[in-house]
$ cat structure11.pdb   # PDB, C-alpha atoms
MODEL        1
ATOM      1  CA  MET A 265       0.000   0.000   0.000
ATOM      2  CA  ILE A 266       1.427   3.350  -1.046
ATOM      3  CA  GLU A 267       1.069   6.249   1.369
ATOM      4  CA  LYS A 268      -0.094   9.636   0.100
ATOM      5  CA  THR A 269       2.754  11.339   1.988
ATOM      6  CA  VAL A 270       5.303   9.204   0.107
ATOM      7  CA  VAL A 271       3.855  10.254  -3.253
ATOM      8  CA  LYS A 272       3.769  13.923  -2.174
ATOM      9  CA  THR A 273       7.400  13.758  -1.038
ATOM     10  CA  LEU A 274       8.492  12.247  -4.365
ATOM     11  CA  VAL A 275       6.539  14.840  -6.356
ATOM     12  CA  GLU A 276       8.079  17.656  -4.264
ATOM     13  CA  GLU A 277      11.528  16.153  -4.956
ATOM     14  CA  TRP A 278      10.877  16.323  -8.717
ATOM     15  CA  LEU A 279       9.418  19.824  -8.426
ATOM     16  CA  THR A 280      12.588  21.275  -6.820
ATOM     17  CA  SER A 281      14.307  21.218 -10.219
ATOM     18  CA  ASN A 282      11.271  22.646 -12.050
ATOM     19  CA  ASP A 283       9.080  25.764 -11.855
ATOM     20  CA  TYR A 284       5.963  23.699 -11.265
ATOM     21  CA  PHE A 285       4.070  23.442  -7.991
ATOM     22  CA  LEU A 286       1.955  20.668  -6.519
ATOM     23  CA  VAL A 287      -1.794  21.220  -6.494
ATOM     24  CA  ASP A 288      -3.057  17.869  -5.219
ATOM     25  CA  VAL A 289      -2.426  14.145  -4.864
ATOM     26  CA  MET A 290      -5.562  11.997  -4.779
ATOM     27  CA  PHE A 291      -6.133   8.281  -4.350
ATOM     28  CA  THR A 292      -9.391   7.256  -6.044
ATOM     29  CA  PRO A 293     -11.608   4.287  -5.108
ATOM     30  CA  ASP A 294     -10.790   2.655  -8.458
ATOM     31  CA  ASP A 295      -7.059   2.402  -7.552
ATOM     32  CA  ARG A 296      -5.790   5.456  -9.410
ATOM     33  CA  ILE A 297      -3.209   7.869  -8.067
ATOM     34  CA  VAL A 298      -3.967  11.289  -9.551
ATOM     35  CA  VAL A 299      -1.244  13.934  -9.306
ATOM     36  CA  GLU A 300      -2.157  17.512 -10.273
ATOM     37  CA  ILE A 301       0.568  20.077 -10.931
ATOM     38  CA  ASP A 302       0.453  23.640 -12.206
ATOM     39  CA  HIS A 303       2.761  26.338 -13.543
ATOM     40  CA  ALA A 304       2.383  30.085 -14.048
ATOM     41  CA  ASP A 305       2.714  29.610 -17.827
ATOM     42  CA  GLY A 306       0.667  26.416 -18.104
ATOM     43  CA  VAL A 307       1.560  22.739 -17.962
ATOM     44  CA  TRP A 308       3.407  20.937 -20.748
ATOM     45  CA  ILE A 309       2.499  17.321 -21.501
ATOM     46  CA  GLU A 310       6.193  16.436 -21.807
ATOM     47  CA  ASP A 311       6.717  17.512 -18.185
ATOM     48  CA  CYS A 312       3.723  15.459 -17.026
ATOM     49  CA  ALA A 313       5.216  12.438 -18.796
ATOM     50  CA  GLU A 314       8.618  13.116 -17.196
ATOM     51  CA  LEU A 315       7.071  13.334 -13.712
ATOM     52  CA  SER A 316       5.074  10.167 -14.368
ATOM     53  CA  ARG A 317       8.247   8.269 -15.392
ATOM     54  CA  PHE A 318      10.063   9.654 -12.321
ATOM     55  CA  LEU A 319       7.295   8.439  -9.994
ATOM     56  CA  GLN A 320       7.099   5.022 -11.673
ATOM     57  CA  GLU A 321      10.853   4.626 -11.311
ATOM     58  CA  LYS A 322      10.874   5.695  -7.638
ATOM     59  CA  LEU A 323       7.788   3.721  -6.599
ATOM     60  CA  GLY A 324       8.733   0.629  -8.595
ATOM     61  CA  GLU A 325       7.033  -2.523  -7.350
ATOM     62  CA  ASP A 326       5.033  -0.557  -4.738
ATOM     63  CA  LEU A 327       2.952   0.890  -7.566
ATOM     64  CA  GLY A 328       1.443  -2.564  -8.034
ATOM     65  CA  ASP A 329      -2.138  -2.396  -9.269
ATOM     66  CA  TYR A 330      -2.354   1.386  -9.053
ATOM     67  CA  GLU A 331      -2.801   3.385 -12.225
ATOM     68  CA  LEU A 332      -0.745   6.594 -12.155
ATOM     69  CA  GLU A 333      -2.219   9.741 -13.723
ATOM     70  CA  VAL A 334      -0.228  12.996 -13.868
ATOM     71  CA  GLY A 335      -1.790  16.155 -15.272
ATOM     72  CA  SER A 336      -2.550  19.831 -14.877
ATOM     73  CA  ALA A 337      -4.989  21.210 -12.341
ATOM     74  CA  GLY A 338      -7.424  21.965 -15.156
ATOM     75  CA  ILE A 339      -8.633  25.300 -16.396
ATOM     76  CA  GLY A 340     -11.952  26.348 -14.930
ATOM     77  CA  GLN A 341     -11.514  24.097 -11.898
ATOM     78  CA  PRO A 342     -11.636  25.599  -8.385
ATOM     79  CA  PHE A 343      -8.290  26.716  -6.973
ATOM     80  CA  LYS A 344      -6.836  24.358  -4.377
ATOM     81  CA  VAL A 345      -3.583  26.057  -3.332
ATOM     82  CA  PRO A 346      -2.547  29.713  -2.753
ATOM     83  CA  GLN A 347      -0.023  29.623  -5.620
ATOM     84  CA  GLN A 348      -2.946  29.305  -8.062
ATOM     85  CA  TYR A 349      -4.315  32.591  -6.738
ATOM     86  CA  GLN A 350      -0.906  34.240  -7.242
ATOM     87  CA  ASN A 351      -0.769  32.999 -10.838
ATOM     88  CA  HIS A 352      -4.168  34.511 -11.649
ATOM     89  CA  ILE A 353      -3.655  38.062 -10.336
ATOM     90  CA  GLY A 354      -5.023  40.455 -12.960
ATOM     91  CA  LYS A 355      -7.337  37.830 -14.435
ATOM     92  CA  GLU A 356     -11.094  37.367 -14.161
ATOM     93  CA  VAL A 357     -12.258  34.956 -11.465
ATOM     94  CA  GLU A 358     -15.484  33.779  -9.895
ATOM     95  CA  VAL A 359     -15.833  33.414  -6.131
ATOM     96  CA  LEU A 360     -18.641  31.461  -4.498
ATOM     97  CA  THR A 361     -19.039  32.746  -0.964
ATOM     98  CA  ALA A 362     -19.949  30.596   2.015
ATOM     99  CA  ASP A 363     -23.503  31.959   1.870
ATOM    100  CA  GLY A 364     -23.885  30.976  -1.811
ATOM    101  CA  LYS A 365     -23.379  34.374  -3.484
ATOM    102  CA  LYS A 366     -21.299  34.473  -6.666
ATOM    103  CA  VAL A 367     -18.914  37.374  -7.215
ATOM    104  CA  GLN A 368     -17.164  37.863 -10.554
ATOM    105  CA  GLY A 369     -14.315  40.270 -11.062
ATOM    106  CA  ILE A 370     -10.602  40.777 -11.493
ATOM    107  CA  LEU A 371      -8.301  39.182  -8.922
ATOM    108  CA  LYS A 372      -6.482  42.262  -7.637
ATOM    109  CA  SER A 373      -4.169  40.993  -4.904
ATOM    110  CA  VAL A 374      -3.261  38.040  -2.697
ATOM    111  CA  ASP A 375      -1.753  38.219   0.784
ATOM    112  CA  GLY A 376      -1.407  34.883   2.554
ATOM    113  CA  ASP A 377      -4.911  33.392   2.705
ATOM    114  CA  ASP A 378      -6.587  36.743   1.970
ATOM    115  CA  PHE A 379      -7.361  38.043  -1.503
ATOM    116  CA  VAL A 380      -9.169  40.968  -3.120
ATOM    117  CA  VAL A 381     -11.416  40.873  -6.180
ATOM    118  CA  THR A 382     -12.436  44.050  -7.998
ATOM    119  CA  ALA A 383     -16.058  43.594  -9.061
ATOM    120  CA  VAL A 384     -18.396  45.895 -10.987
ATOM    121  CA  GLU A 385     -21.806  46.420  -9.426
ATOM    122  CA  LYS A 386     -24.714  48.848  -9.471
ATOM    123  CA  GLN A 387     -24.732  51.411  -6.685
ATOM    124  CA  LYS A 388     -26.816  54.451  -5.910
ATOM    125  CA  VAL A 389     -24.631  57.527  -6.291
ATOM    126  CA  GLU A 390     -25.587  60.861  -4.773
ATOM    127  CA  GLY A 391     -26.784  63.281  -7.425
ATOM    128  CA  LYS A 392     -27.773  60.540  -9.880
ATOM    129  CA  LYS A 393     -31.339  59.405 -10.438
ATOM    130  CA  ARG A 394     -30.420  55.838 -11.364
ATOM    131  CA  PRO A 395     -27.861  53.442  -9.945
ATOM    132  CA  VAL A 396     -24.554  53.441 -11.841
ATOM    133  CA  MET A 397     -21.947  50.747 -12.366
ATOM    134  CA  VAL A 398     -18.914  51.239 -10.104
ATOM    135  CA  GLU A 399     -15.824  49.173  -9.304
ATOM    136  CA  VAL A 400     -15.795  47.791  -5.762
ATOM    137  CA  ASP A 401     -12.972  45.914  -4.048
ATOM    138  CA  LYS A 402     -14.232  42.859  -2.186
ATOM    139  CA  ALA A 403     -11.988  41.100   0.327
ATOM    140  CA  PHE A 404     -12.156  37.341   0.929
ATOM    141  CA  ASN A 405     -10.333  34.675   2.895
ATOM    142  CA  MET A 406      -9.546  31.390   1.113
ATOM    143  CA  ASN A 407     -10.751  29.408   4.128
ATOM    144  CA  ASN A 408     -14.165  31.131   4.288
ATOM    145  CA  ILE A 409     -15.420  30.577   0.739
ATOM    146  CA  LYS A 410     -16.729  27.584  -1.179
ATOM    147  CA  TYR A 411     -14.464  28.114  -4.204
ATOM    148  CA  THR A 412     -12.600  30.472  -6.478
ATOM    149  CA  LYS A 413     -11.971  29.625 -10.107
ATOM    150  CA  TYR A 414     -10.572  31.253 -13.224
ATOM    151  CA  LEU A 415     -13.189  32.433 -15.707
ATOM    152  CA  LEU A 416     -12.244  31.496 -19.218
ATOM    153  CA  SER A 417     -13.148  34.332 -21.568
ATOM    154  CA  PHE A 418     -13.283  34.329 -25.358
ATOM    155  CA  LYS A 419     -13.726  38.096 -25.757
TER     156      LYS A 419
ENDMDL
END

$ encode --input "structure11.pdb" --output "C-alpha cells"
Amino acid sequence: MIEKTVVKTLVEEWLTSNDYFLVDVMFTPDDRIVVEIDHADGVWIEDCAELSRFLQEKLGEDLGDYELEVGSAGIGQPFKVPQQYQNHIGKEVEVLTADGKKVQGILKSVDGDDFVVTAVEKQKVEGKKRPVMVEVDKAFNMNNIKYTKYLLSFK
C-alpha cells in the first residue's frame, strides 16, 4: 500500500528542479493515483510524462495495481492552493461565498490566505437618479469561501 505522503514527497523532490508546484495528490476508489501540478505559464504534456516516469521509477514494485495519472490542475476548476491565486492576479475569477453568493471580477491581490477581487456592481450615487456601475474591491479569505476559479473568456 502506497502512502499519500510518500507520493507527495516524491513529487516535491521532482518539483525542486522545475518551476511547477503541486496542487493535489488523490487516491481514487478505483485504484488510481492522480497527481495535479500547475505552472504560471501552463503545464506541458512532456513535463507530465517526465514526472510520471520519475514516480514510476521511484515507486517501482510498490505501484502494483495502481494506475498513475499525472496532469494539470485543469482550467476552470476551483483553486486548491494559494499559488494558483498568485498565478491569476489580474485575471477574471469567480468566487462562491460561504452563503452561496457568486462574485465575478478581477483578482487584484493576494496576501497569505486573503485576496481581493475588484467587481463591478450597481450602486446608488448621490446626485444621480439611477444606480450606476462602479468598481468595488471585495476582500475574501480562502478558508471562508466555497471556491474560487478562473473564468475562461473568449472576448

$ resolve_selection --input "structure11.pdb" --expression "the PyMOL selection byres ((chain A and resi 271-279) around 9)" --output "PyMOL selection string"
chain A and resi 266-270+280-286+288-289+297+299+315+318-319+322-323

$ residues_around --input "structure11.pdb" --residues "A:Lys355" --least-positions-apart "5" --cutoff "9 Å" --atoms "only C-alpha atoms" --output "list in words"
Gly369, Ile370, Leu371, Lys372, Tyr414 and Leu415 of chain A

$ write_last_selection --input "structure11.pdb" --atoms "C-alpha atoms" --output "mmCIF file, keeping the file's coordinate frame"
data_model
loop_
_atom_site.group_PDB
_atom_site.id
_atom_site.type_symbol
_atom_site.label_atom_id
_atom_site.label_comp_id
_atom_site.auth_asym_id
_atom_site.auth_seq_id
_atom_site.Cartn_x
_atom_site.Cartn_y
_atom_site.Cartn_z
ATOM 1 C CA GLY A 369 -14.315 40.270 -11.062
ATOM 2 C CA ILE A 370 -10.602 40.777 -11.493
ATOM 3 C CA LEU A 371 -8.301 39.182 -8.922
ATOM 4 C CA LYS A 372 -6.482 42.262 -7.637
ATOM 5 C CA TYR A 414 -10.572 31.253 -13.224
ATOM 6 C CA LEU A 415 -13.189 32.433 -15.707
#

$ residues_around --input "structure11.pdb" --residues "A:Gly306" --least-positions-apart "4" --cutoff "10 Å" --atoms "only C-alpha atoms" --output "ChimeraX atom specification"
/A:284,301-302,336-339,351

$ residues_near_point --input "structure11.pdb" --point "(-11.6, 36.0, -0.6)" --cutoff "9 Å" --atoms "only C-alpha atoms" --output "ChimeraX atom specification"
/A:359,361,374,377-381,402-409,412

$ resolve_selection --input "structure11.pdb" --expression "the PyMOL selection byres ((chain A and resi 311) around 10)" --output "list in words"
Asn282, Tyr284, Ile301, Val307, Trp308, Ile309, Glu310, Cys312, Ala313, Glu314, Leu315, Ser316, Arg317, Val334 and Gly335 of chain A

$ atom_distance --input "structure11.pdb" --atom1 "atom CA of A:Glu385" --atom2 "atom CA of A:Lys413"
19.5 Å

$ atom_distance --input "structure11.pdb" --atom1 "atom CA of A:Asp401" --atom2 "atom CA of A:Ser373"
10.1 Å

$ atom_distance --input "structure11.pdb" --atom1 "atom CA of A:Met290" --atom2 "atom CA of A:Leu332"
10.3 Å

$ residues_around --input "structure11.pdb" --residues "A:Val400" --least-positions-apart "5" --cutoff "7 Å" --atoms "all atoms listed in the file" --output "number ranges by chain"
A: 382-384

$ write_last_selection --input "structure11.pdb" --atoms "C-alpha atoms" --output "mmCIF file, keeping the file's coordinate frame"
data_model
loop_
_atom_site.group_PDB
_atom_site.id
_atom_site.type_symbol
_atom_site.label_atom_id
_atom_site.label_comp_id
_atom_site.auth_asym_id
_atom_site.auth_seq_id
_atom_site.Cartn_x
_atom_site.Cartn_y
_atom_site.Cartn_z
ATOM 1 C CA THR A 382 -12.436 44.050 -7.998
ATOM 2 C CA ALA A 383 -16.058 43.594 -9.061
ATOM 3 C CA VAL A 384 -18.396 45.895 -10.987
#

$ residues_around --input "structure11.pdb" --residues "A:Glu331" --least-positions-apart "4" --cutoff "9 Å" --atoms "only C-alpha atoms" --output "mmCIF file with C-alpha atoms, in the coordinates of the input"
data_model
loop_
_atom_site.group_PDB
_atom_site.id
_atom_site.type_symbol
_atom_site.label_atom_id
_atom_site.label_comp_id
_atom_site.auth_asym_id
_atom_site.auth_seq_id
_atom_site.Cartn_x
_atom_site.Cartn_y
_atom_site.Cartn_z
ATOM 1 C CA ASP A 294 -10.790 2.655 -8.458
ATOM 2 C CA ASP A 295 -7.059 2.402 -7.552
ATOM 3 C CA ARG A 296 -5.790 5.456 -9.410
ATOM 4 C CA ILE A 297 -3.209 7.869 -8.067
ATOM 5 C CA VAL A 298 -3.967 11.289 -9.551
ATOM 6 C CA LEU A 327 2.952 0.890 -7.566
#

$ axis_aligned_box --input "structure11.pdb" --around "stretch 386-397 of chain A" --padding-each-side "5 Å" --output "JSON"
{"center_x": -26.6, "center_y": 56.1, "center_z": -8.6, "size_x": 19.4, "size_y": 24.4, "size_z": 17.6}

$ closest_residue --input "structure11.pdb" --among "A:Lys366, A:Lys392, A:Lys386, A:His352" --to "A:Leu416" --atoms "all atoms listed in the file"
A:His352

$ closest_residue --input "structure11.pdb" --among "A:Glu300, A:Asp363, A:Glu321, A:Glu356" --to "A:Lys344" --atoms "only C-alpha atoms"
A:Glu300

$ build_atoms --input "structure11.pdb" --residues "stretch 292-303 of chain A" --atoms "all heavy atoms" --output "mmCIF file, keeping the file's coordinate frame"
data_model
loop_
_atom_site.group_PDB
_atom_site.id
_atom_site.type_symbol
_atom_site.label_atom_id
_atom_site.label_comp_id
_atom_site.auth_asym_id
_atom_site.auth_seq_id
_atom_site.Cartn_x
_atom_site.Cartn_y
_atom_site.Cartn_z
ATOM 1 N N THR A 292 -7.982 7.473 -5.723
ATOM 2 C CA THR A 292 -9.391 7.256 -6.044
ATOM 3 C C THR A 292 -9.809 5.840 -5.658
ATOM 4 O O THR A 292 -8.959 4.950 -5.551
ATOM 5 C CB THR A 292 -9.659 7.480 -7.549
ATOM 6 O OG1 THR A 292 -8.978 6.469 -8.282
ATOM 7 C CG2 THR A 292 -9.207 8.864 -8.003
ATOM 8 N N PRO A 293 -11.111 5.628 -5.471
ATOM 9 C CA PRO A 293 -11.608 4.287 -5.108
ATOM 10 C C PRO A 293 -11.289 3.215 -6.151
ATOM 11 O O PRO A 293 -11.221 2.043 -5.830
ATOM 12 C CB PRO A 293 -13.115 4.482 -4.982
ATOM 13 C CG PRO A 293 -13.318 5.939 -4.785
ATOM 14 C CD PRO A 293 -12.184 6.623 -5.479
ATOM 15 N N ASP A 294 -11.088 3.636 -7.409
ATOM 16 C CA ASP A 294 -10.790 2.655 -8.458
ATOM 17 C C ASP A 294 -9.280 2.468 -8.657
ATOM 18 O O ASP A 294 -8.811 2.174 -9.752
ATOM 19 C CB ASP A 294 -11.490 3.032 -9.767
ATOM 20 C CG ASP A 294 -11.094 4.405 -10.287
ATOM 21 O OD1 ASP A 294 -10.515 5.194 -9.527
ATOM 22 O OD2 ASP A 294 -11.362 4.677 -11.482
ATOM 23 N N ASP A 295 -8.505 2.656 -7.581
ATOM 24 C CA ASP A 295 -7.059 2.402 -7.552
ATOM 25 C C ASP A 295 -6.253 3.246 -8.545
ATOM 26 O O ASP A 295 -5.341 2.747 -9.213
ATOM 27 C CB ASP A 295 -6.756 0.908 -7.773
ATOM 28 C CG ASP A 295 -7.217 0.061 -6.611
ATOM 29 O OD1 ASP A 295 -7.299 0.588 -5.484
ATOM 30 O OD2 ASP A 295 -7.498 -1.131 -6.821
ATOM 31 N N ARG A 296 -6.585 4.509 -8.618
ATOM 32 C CA ARG A 296 -5.790 5.456 -9.410
ATOM 33 C C ARG A 296 -5.132 6.437 -8.453
ATOM 34 O O ARG A 296 -5.728 6.858 -7.469
ATOM 35 C CB ARG A 296 -6.647 6.232 -10.409
ATOM 36 C CG ARG A 296 -7.129 5.409 -11.573
ATOM 37 C CD ARG A 296 -7.882 6.227 -12.618
ATOM 38 N NE ARG A 296 -8.956 7.005 -12.012
ATOM 39 C CZ ARG A 296 -9.178 8.301 -12.256
ATOM 40 N NH1 ARG A 296 -8.426 8.973 -13.093
ATOM 41 N NH2 ARG A 296 -10.170 8.938 -11.671
ATOM 42 N N ILE A 297 -3.895 6.791 -8.770
ATOM 43 C CA ILE A 297 -3.209 7.869 -8.067
ATOM 44 C C ILE A 297 -3.192 9.034 -9.042
ATOM 45 O O ILE A 297 -2.603 8.942 -10.125
ATOM 46 C CB ILE A 297 -1.764 7.476 -7.687
ATOM 47 C CG1 ILE A 297 -1.764 6.244 -6.788
ATOM 48 C CG2 ILE A 297 -1.073 8.657 -7.002
ATOM 49 C CD1 ILE A 297 -0.376 5.682 -6.520
ATOM 50 N N VAL A 298 -3.869 10.122 -8.680
ATOM 51 C CA VAL A 298 -3.967 11.289 -9.551
ATOM 52 C C VAL A 298 -3.123 12.408 -8.951
ATOM 53 O O VAL A 298 -3.354 12.845 -7.831
ATOM 54 C CB VAL A 298 -5.434 11.751 -9.705
ATOM 55 C CG1 VAL A 298 -5.523 12.961 -10.629
ATOM 56 C CG2 VAL A 298 -6.305 10.611 -10.222
ATOM 57 N N VAL A 299 -2.129 12.851 -9.726
ATOM 58 C CA VAL A 299 -1.244 13.934 -9.306
ATOM 59 C C VAL A 299 -1.539 15.142 -10.181
ATOM 60 O O VAL A 299 -1.471 15.054 -11.410
ATOM 61 C CB VAL A 299 0.244 13.525 -9.450
ATOM 62 C CG1 VAL A 299 1.160 14.677 -9.069
ATOM 63 C CG2 VAL A 299 0.543 12.284 -8.622
ATOM 64 N N GLU A 300 -1.883 16.271 -9.538
ATOM 65 C CA GLU A 300 -2.157 17.512 -10.273
ATOM 66 C C GLU A 300 -1.046 18.506 -9.979
ATOM 67 O O GLU A 300 -0.732 18.778 -8.817
ATOM 68 C CB GLU A 300 -3.494 18.117 -9.843
ATOM 69 C CG GLU A 300 -4.691 17.312 -10.251
ATOM 70 C CD GLU A 300 -5.999 17.960 -9.833
ATOM 71 O OE1 GLU A 300 -6.000 18.866 -8.980
ATOM 72 O OE2 GLU A 300 -7.036 17.539 -10.359
ATOM 73 N N ILE A 301 -0.456 19.043 -11.062
ATOM 74 C CA ILE A 301 0.568 20.077 -10.931
ATOM 75 C C ILE A 301 0.133 21.293 -11.722
ATOM 76 O O ILE A 301 -0.784 21.215 -12.546
ATOM 77 C CB ILE A 301 1.951 19.576 -11.419
ATOM 78 C CG1 ILE A 301 1.890 19.120 -12.884
ATOM 79 C CG2 ILE A 301 2.468 18.468 -10.515
ATOM 80 C CD1 ILE A 301 3.240 18.754 -13.493
ATOM 81 N N ASP A 302 0.783 22.417 -11.473
ATOM 82 C CA ASP A 302 0.453 23.640 -12.206
ATOM 83 C C ASP A 302 1.716 24.461 -12.372
ATOM 84 O O ASP A 302 2.737 24.204 -11.721
ATOM 85 C CB ASP A 302 -0.629 24.437 -11.466
ATOM 86 C CG ASP A 302 -1.475 25.284 -12.410
ATOM 87 O OD1 ASP A 302 -1.096 25.461 -13.590
ATOM 88 O OD2 ASP A 302 -2.524 25.782 -11.969
ATOM 89 N N HIS A 303 1.633 25.458 -13.225
ATOM 90 C CA HIS A 303 2.761 26.338 -13.543
ATOM 91 C C HIS A 303 2.169 27.681 -13.962
ATOM 92 O O HIS A 303 1.082 27.726 -14.540
ATOM 93 C CB HIS A 303 3.575 25.719 -14.689
ATOM 94 C CG HIS A 303 4.842 26.426 -15.002
ATOM 95 N ND1 HIS A 303 4.898 27.573 -15.736
ATOM 96 C CD2 HIS A 303 6.119 26.133 -14.666
ATOM 97 C CE1 HIS A 303 6.150 27.969 -15.854
ATOM 98 N NE2 HIS A 303 6.919 27.097 -15.206
#
